[in-house]
>>> print(open('target.tsv').read())   # TSV, N, CA and C atoms
chain	number	residue	atom	x	y	z
A	1	MET	N	-52.86	24.63	22.90
A	1	MET	CA	-54.23	24.50	23.37
A	1	MET	C	-54.26	24.76	24.87
A	2	LYS	N	-55.19	25.58	25.27
A	2	LYS	CA	-55.34	25.93	26.68
A	2	LYS	C	-56.14	24.85	27.40
A	3	THR	N	-55.71	24.50	28.60
A	3	THR	CA	-56.43	23.52	29.42
A	3	THR	C	-57.03	24.24	30.62
A	4	ILE	N	-58.32	24.03	30.84
A	4	ILE	CA	-59.04	24.62	31.95
A	4	ILE	C	-59.55	23.48	32.82
A	5	TYR	N	-59.22	23.53	34.10
A	5	TYR	CA	-59.72	22.51	35.03
A	5	TYR	C	-60.85	23.13	35.85
A	6	ASP	N	-62.05	22.59	35.69
A	6	ASP	CA	-63.23	23.12	36.37
A	6	ASP	C	-64.22	21.96	36.56
A	7	ASN	N	-64.30	21.45	37.77
A	7	ASN	CA	-65.15	20.29	38.04
A	7	ASN	C	-66.63	20.57	37.79
A	8	ARG	N	-67.10	21.74	38.19
A	8	ARG	CA	-68.52	22.06	38.04
A	8	ARG	C	-68.89	22.19	36.56
A	9	LEU	N	-68.08	22.89	35.80
A	9	LEU	CA	-68.36	23.06	34.38
A	9	LEU	C	-68.26	21.73	33.64
A	10	TYR	N	-67.30	20.90	34.04
A	10	TYR	CA	-67.17	19.57	33.44
A	10	TYR	C	-68.44	18.75	33.68
A	11	ALA	N	-68.97	18.81	34.90
A	11	ALA	CA	-70.20	18.08	35.23
A	11	ALA	C	-71.37	18.61	34.40
A	12	ASP	N	-71.44	19.93	34.20
A	12	ASP	CA	-72.49	20.51	33.36
A	12	ASP	C	-72.36	20.01	31.92
A	13	LEU	N	-71.14	19.92	31.42
A	13	LEU	CA	-70.92	19.44	30.05
A	13	LEU	C	-71.27	17.96	29.90
A	14	GLU	N	-71.09	17.18	30.95
A	14	GLU	CA	-71.50	15.77	30.89
A	14	GLU	C	-73.00	15.66	30.70
A	15	LYS	N	-73.76	16.55	31.30
A	15	LYS	CA	-75.22	16.55	31.16
A	15	LYS	C	-75.65	17.09	29.80
A	16	ASN	N	-74.94	18.14	29.32
A	16	ASN	CA	-75.31	18.78	28.06
A	16	ASN	C	-74.04	19.21	27.33
A	17	PRO	N	-73.45	18.35	26.49
A	17	PRO	CA	-72.20	18.68	25.79
A	17	PRO	C	-72.41	19.62	24.61
A	18	ASP	N	-72.72	20.87	24.93
A	18	ASP	CA	-73.01	21.86	23.91
A	18	ASP	C	-72.26	23.15	24.24
A	19	TRP	N	-71.93	23.96	23.25
A	19	TRP	CA	-71.19	25.20	23.50
A	19	TRP	C	-71.97	26.15	24.40
A	20	LYS	N	-73.31	26.09	24.36
A	20	LYS	CA	-74.13	26.97	25.19
A	20	LYS	C	-73.93	26.71	26.68
A	21	THR	N	-73.50	25.53	27.03
A	21	THR	CA	-73.27	25.16	28.42
A	21	THR	C	-72.12	25.97	29.03
A	22	LEU	N	-71.27	26.54	28.20
A	22	LEU	CA	-70.13	27.33	28.69
A	22	LEU	C	-70.55	28.66	29.29
A	23	PHE	N	-71.80	29.09	29.04
A	23	PHE	CA	-72.24	30.43	29.43
A	23	PHE	C	-73.41	30.38	30.40
A	24	ASP	N	-73.51	31.42	31.25
A	24	ASP	CA	-74.63	31.50	32.19
A	24	ASP	C	-75.83	32.15	31.49
A	25	ALA	N	-76.89	32.42	32.25
A	25	ALA	CA	-78.13	32.97	31.68
A	25	ALA	C	-77.93	34.36	31.08
A	26	ASP	N	-76.92	35.11	31.56
A	26	ASP	CA	-76.63	36.44	31.04
A	26	ASP	C	-75.55	36.43	29.95
A	27	PHE	N	-75.20	35.24	29.47
A	27	PHE	CA	-74.22	35.03	28.39
A	27	PHE	C	-72.79	35.39	28.78
A	28	TYR	N	-72.47	35.30	30.06
A	28	TYR	CA	-71.10	35.45	30.53
A	28	TYR	C	-70.49	34.06	30.67
A	29	PRO	N	-69.20	33.90	30.36
A	29	PRO	CA	-68.57	32.58	30.53
A	29	PRO	C	-68.63	32.12	31.99
A	30	LYS	N	-68.95	30.85	32.18
A	30	LYS	CA	-69.00	30.28	33.53
A	30	LYS	C	-67.62	30.19	34.15
A	31	ASN	N	-66.59	30.18	33.33
A	31	ASN	CA	-65.21	30.17	33.81
A	31	ASN	C	-64.47	31.31	33.11
A	32	PRO	N	-63.82	32.19	33.88
A	32	PRO	CA	-63.16	33.35	33.26
A	32	PRO	C	-61.97	33.00	32.36
A	33	SER	N	-61.50	31.78	32.40
A	33	SER	CA	-60.37	31.36	31.56
A	33	SER	C	-60.78	30.96	30.15
A	34	ILE	N	-62.07	30.90	29.88
A	34	ILE	CA	-62.53	30.54	28.53
A	34	ILE	C	-62.13	31.66	27.57
A	35	PRO	N	-61.36	31.34	26.52
A	35	PRO	CA	-60.89	32.39	25.60
A	35	PRO	C	-62.01	32.92	24.70
A	36	ILE	N	-61.77	34.09	24.13
A	36	ILE	CA	-62.70	34.68	23.17
A	36	ILE	C	-62.55	33.94	21.85
A	37	LEU	N	-63.66	33.55	21.27
A	37	LEU	CA	-63.64	32.79	20.02
A	37	LEU	C	-64.11	33.70	18.89
A	38	CYS	N	-63.18	34.43	18.31
A	38	CYS	CA	-63.52	35.41	17.27
A	38	CYS	C	-64.19	34.77	16.05
A	39	GLY	N	-63.70	33.63	15.62
A	39	GLY	CA	-64.25	32.99	14.43
A	39	GLY	C	-65.34	31.99	14.73
A	40	GLY	N	-65.54	31.68	16.00
A	40	GLY	CA	-66.53	30.68	16.37
A	40	GLY	C	-65.88	29.32	16.57
A	41	LEU	N	-66.69	28.35	16.88
A	41	LEU	CA	-66.21	26.99	17.11
A	41	LEU	C	-66.31	26.16	15.84
A	42	ASP	N	-65.26	25.39	15.59
A	42	ASP	CA	-65.29	24.46	14.47
A	42	ASP	C	-66.10	23.24	14.87
A	43	HIS	N	-65.71	22.63	16.00
A	43	HIS	CA	-66.49	21.52	16.53
A	43	HIS	C	-66.06	21.22	17.97
A	44	ILE	N	-66.84	20.39	18.60
A	44	ILE	CA	-66.60	19.96	19.98
A	44	ILE	C	-66.41	18.46	19.95
A	45	LYS	N	-65.41	17.99	20.69
A	45	LYS	CA	-65.26	16.54	20.80
A	45	LYS	C	-64.97	16.18	22.25
A	46	ARG	N	-65.25	14.96	22.58
A	46	ARG	CA	-65.00	14.48	23.92
A	46	ARG	C	-63.95	13.38	23.88
A	47	THR	N	-62.97	13.51	24.76
A	47	THR	CA	-61.96	12.47	24.90
A	47	THR	C	-62.21	11.79	26.25
A	48	LYS	N	-61.32	10.93	26.64
A	48	LYS	CA	-61.48	10.22	27.89
A	48	LYS	C	-61.49	11.16	29.10
A	49	LYS	N	-60.69	12.24	29.05
A	49	LYS	CA	-60.56	13.13	30.20
A	49	LYS	C	-61.05	14.56	29.97
A	50	PHE	N	-61.34	14.93	28.72
A	50	PHE	CA	-61.62	16.33	28.42
A	50	PHE	C	-62.79	16.50	27.44
A	51	PHE	N	-63.41	17.68	27.52
A	51	PHE	CA	-64.26	18.19	26.46
A	51	PHE	C	-63.40	19.19	25.71
A	52	VAL	N	-63.22	18.99	24.41
A	52	VAL	CA	-62.32	19.80	23.60
A	52	VAL	C	-63.14	20.69	22.68
A	53	PHE	N	-62.89	22.00	22.74
A	53	PHE	CA	-63.58	22.99	21.91
A	53	PHE	C	-62.56	23.53	20.91
A	54	LEU	N	-62.76	23.24	19.63
A	54	LEU	CA	-61.81	23.60	18.59
A	54	LEU	C	-62.26	24.87	17.89
A	55	ASP	N	-61.39	25.86	17.90
A	55	ASP	CA	-61.64	27.18	17.34
A	55	ASP	C	-61.43	27.15	15.83
A	56	ILE	N	-62.22	27.93	15.12
A	56	ILE	CA	-62.04	28.06	13.68
A	56	ILE	C	-60.73	28.77	13.37
A	57	GLY	N	-60.36	29.76	14.18
A	57	GLY	CA	-59.06	30.42	14.05
A	57	GLY	C	-58.96	31.39	12.90
A	58	CYS	N	-60.01	32.13	12.58
A	58	CYS	CA	-59.97	33.04	11.43
A	58	CYS	C	-59.20	34.33	11.73
A	59	ASN	N	-58.86	34.58	12.99
A	59	ASN	CA	-58.14	35.81	13.34
A	59	ASN	C	-56.62	35.59	13.37
A	60	GLY	N	-56.16	34.47	12.85
A	60	GLY	CA	-54.73	34.18	12.82
A	60	GLY	C	-54.22	33.48	14.07
A	61	ARG	N	-55.08	33.33	15.07
A	61	ARG	CA	-54.69	32.64	16.29
A	61	ARG	C	-55.68	31.50	16.56
A	62	ASP	N	-55.17	30.46	17.12
A	62	ASP	CA	-56.00	29.32	17.48
A	62	ASP	C	-56.31	29.42	18.97
A	63	ASN	N	-57.57	29.67	19.31
A	63	ASN	CA	-57.99	29.76	20.70
A	63	ASN	C	-58.70	28.49	21.16
A	64	SER	N	-58.32	27.37	20.59
A	64	SER	CA	-58.91	26.10	21.02
A	64	SER	C	-58.57	25.86	22.49
A	65	PHE	N	-59.49	25.18	23.18
A	65	PHE	CA	-59.27	24.90	24.59
A	65	PHE	C	-59.98	23.61	24.98
A	66	ARG	N	-59.62	23.11	26.14
A	66	ARG	CA	-60.26	21.90	26.63
A	66	ARG	C	-60.58	22.08	28.11
A	67	ILE	N	-61.64	21.40	28.53
A	67	ILE	CA	-62.10	21.49	29.92
A	67	ILE	C	-62.05	20.10	30.52
A	68	GLY	N	-61.40	19.99	31.67
A	68	GLY	CA	-61.29	18.71	32.36
A	68	GLY	C	-61.52	18.87	33.85
A	69	ARG	N	-61.52	17.76	34.54
A	69	ARG	CA	-61.68	17.75	35.99
A	69	ARG	C	-60.33	17.93	36.66
A	70	LYS	N	-60.36	18.58	37.82
A	70	LYS	CA	-59.16	18.64	38.63
A	70	LYS	C	-58.93	17.25	39.20
A	71	GLU	N	-57.71	16.77	39.09
A	71	GLU	CA	-57.42	15.44	39.60
A	71	GLU	C	-57.21	15.52	41.12
A	72	LYS	N	-57.76	14.54	41.81
A	72	LYS	CA	-57.59	14.47	43.26
A	72	LYS	C	-56.20	13.95	43.60
A	73	LYS	N	-55.62	14.52	44.63
A	73	LYS	CA	-54.28	14.08	45.04
A	73	LYS	C	-54.37	13.06	46.15
>>> encode(input="target.tsv", output="structure tokens")
Amino acid sequence: MKTIYDNRLYADLEKNPDWKTLFDADFYPKNPSIPILCGGLDHIKRTKKFFVFLDIGCNGRDNSFRIGRKEKK
């Protein structure tokens, strides 16, 4: 599973935890690290630190990913 750290996108997901939040008004991903989801999303879940997007995986690969905040040092 790919992990993407993006504070701004994480904050947007806190306001609206929906797959549409991943894209801008022109339907481009807000973060270039978001993988292509050939089969679509199975479901979205939230854990303590991440929003997890689970891929259906119909192309033989699992492109599931999660979005979290960058931790402060």
>>> residues_around(input="target.tsv", residues="stretch 11-22 of chain A", least_positions_apart="5", cutoff="8 Å", atoms="all atoms listed in the file", output="number ranges by chain")
A: 6, 27-31, 44, 51, 68-69
>>> residues_near_point(input="target.tsv", point="(-63.2, 16.5, 26.9)", cutoff="9 Å", atoms="only C-alpha atoms", output="list in words")
Tyr10, Leu13, Ile44, Lys45, Arg46, Thr47, Lys48, Lys49, Phe50, Phe51, Val52, Phe53, Arg66, Ile67 and Gly68 of chain A
>>> select_by_dssp(input="target.tsv", residues="chain A", states="strand (DSSP E)", output="number ranges by chain")
A: 2-5, 41-46, 50-55, 65-68
>>> atom_distance(input="target.tsv", atom1="atom CA of A:Ile56", atom2="atom CA of A:Gly40")
5.9 Å
>>> select_by_dssp(input="target.tsv", residues="chain A", states="helix (DSSP H, G or I)", output="number ranges by chain")
A: 7-15, 19-22
>>> atom_distance(input="target.tsv", atom1="atom CA of A:Tyr5", atom2="atom CA of A:Lys70")
5.3 Å
>>> atom_distance(input="target.tsv", atom1="atom C of A:Ile4", atom2="atom C of A:Leu54")
15.2 Å
>>> axis_aligned_box(input="target.tsv", around="stretch 30-38 of chain A", padding_each_side="3 Å", output="lines of an AutoDock Vina configuration file")
center_x = -64.7
center_y = 32.8
center_z = 25.1
size_x = 14.6
size_y = 11.2
size_z = 24.1
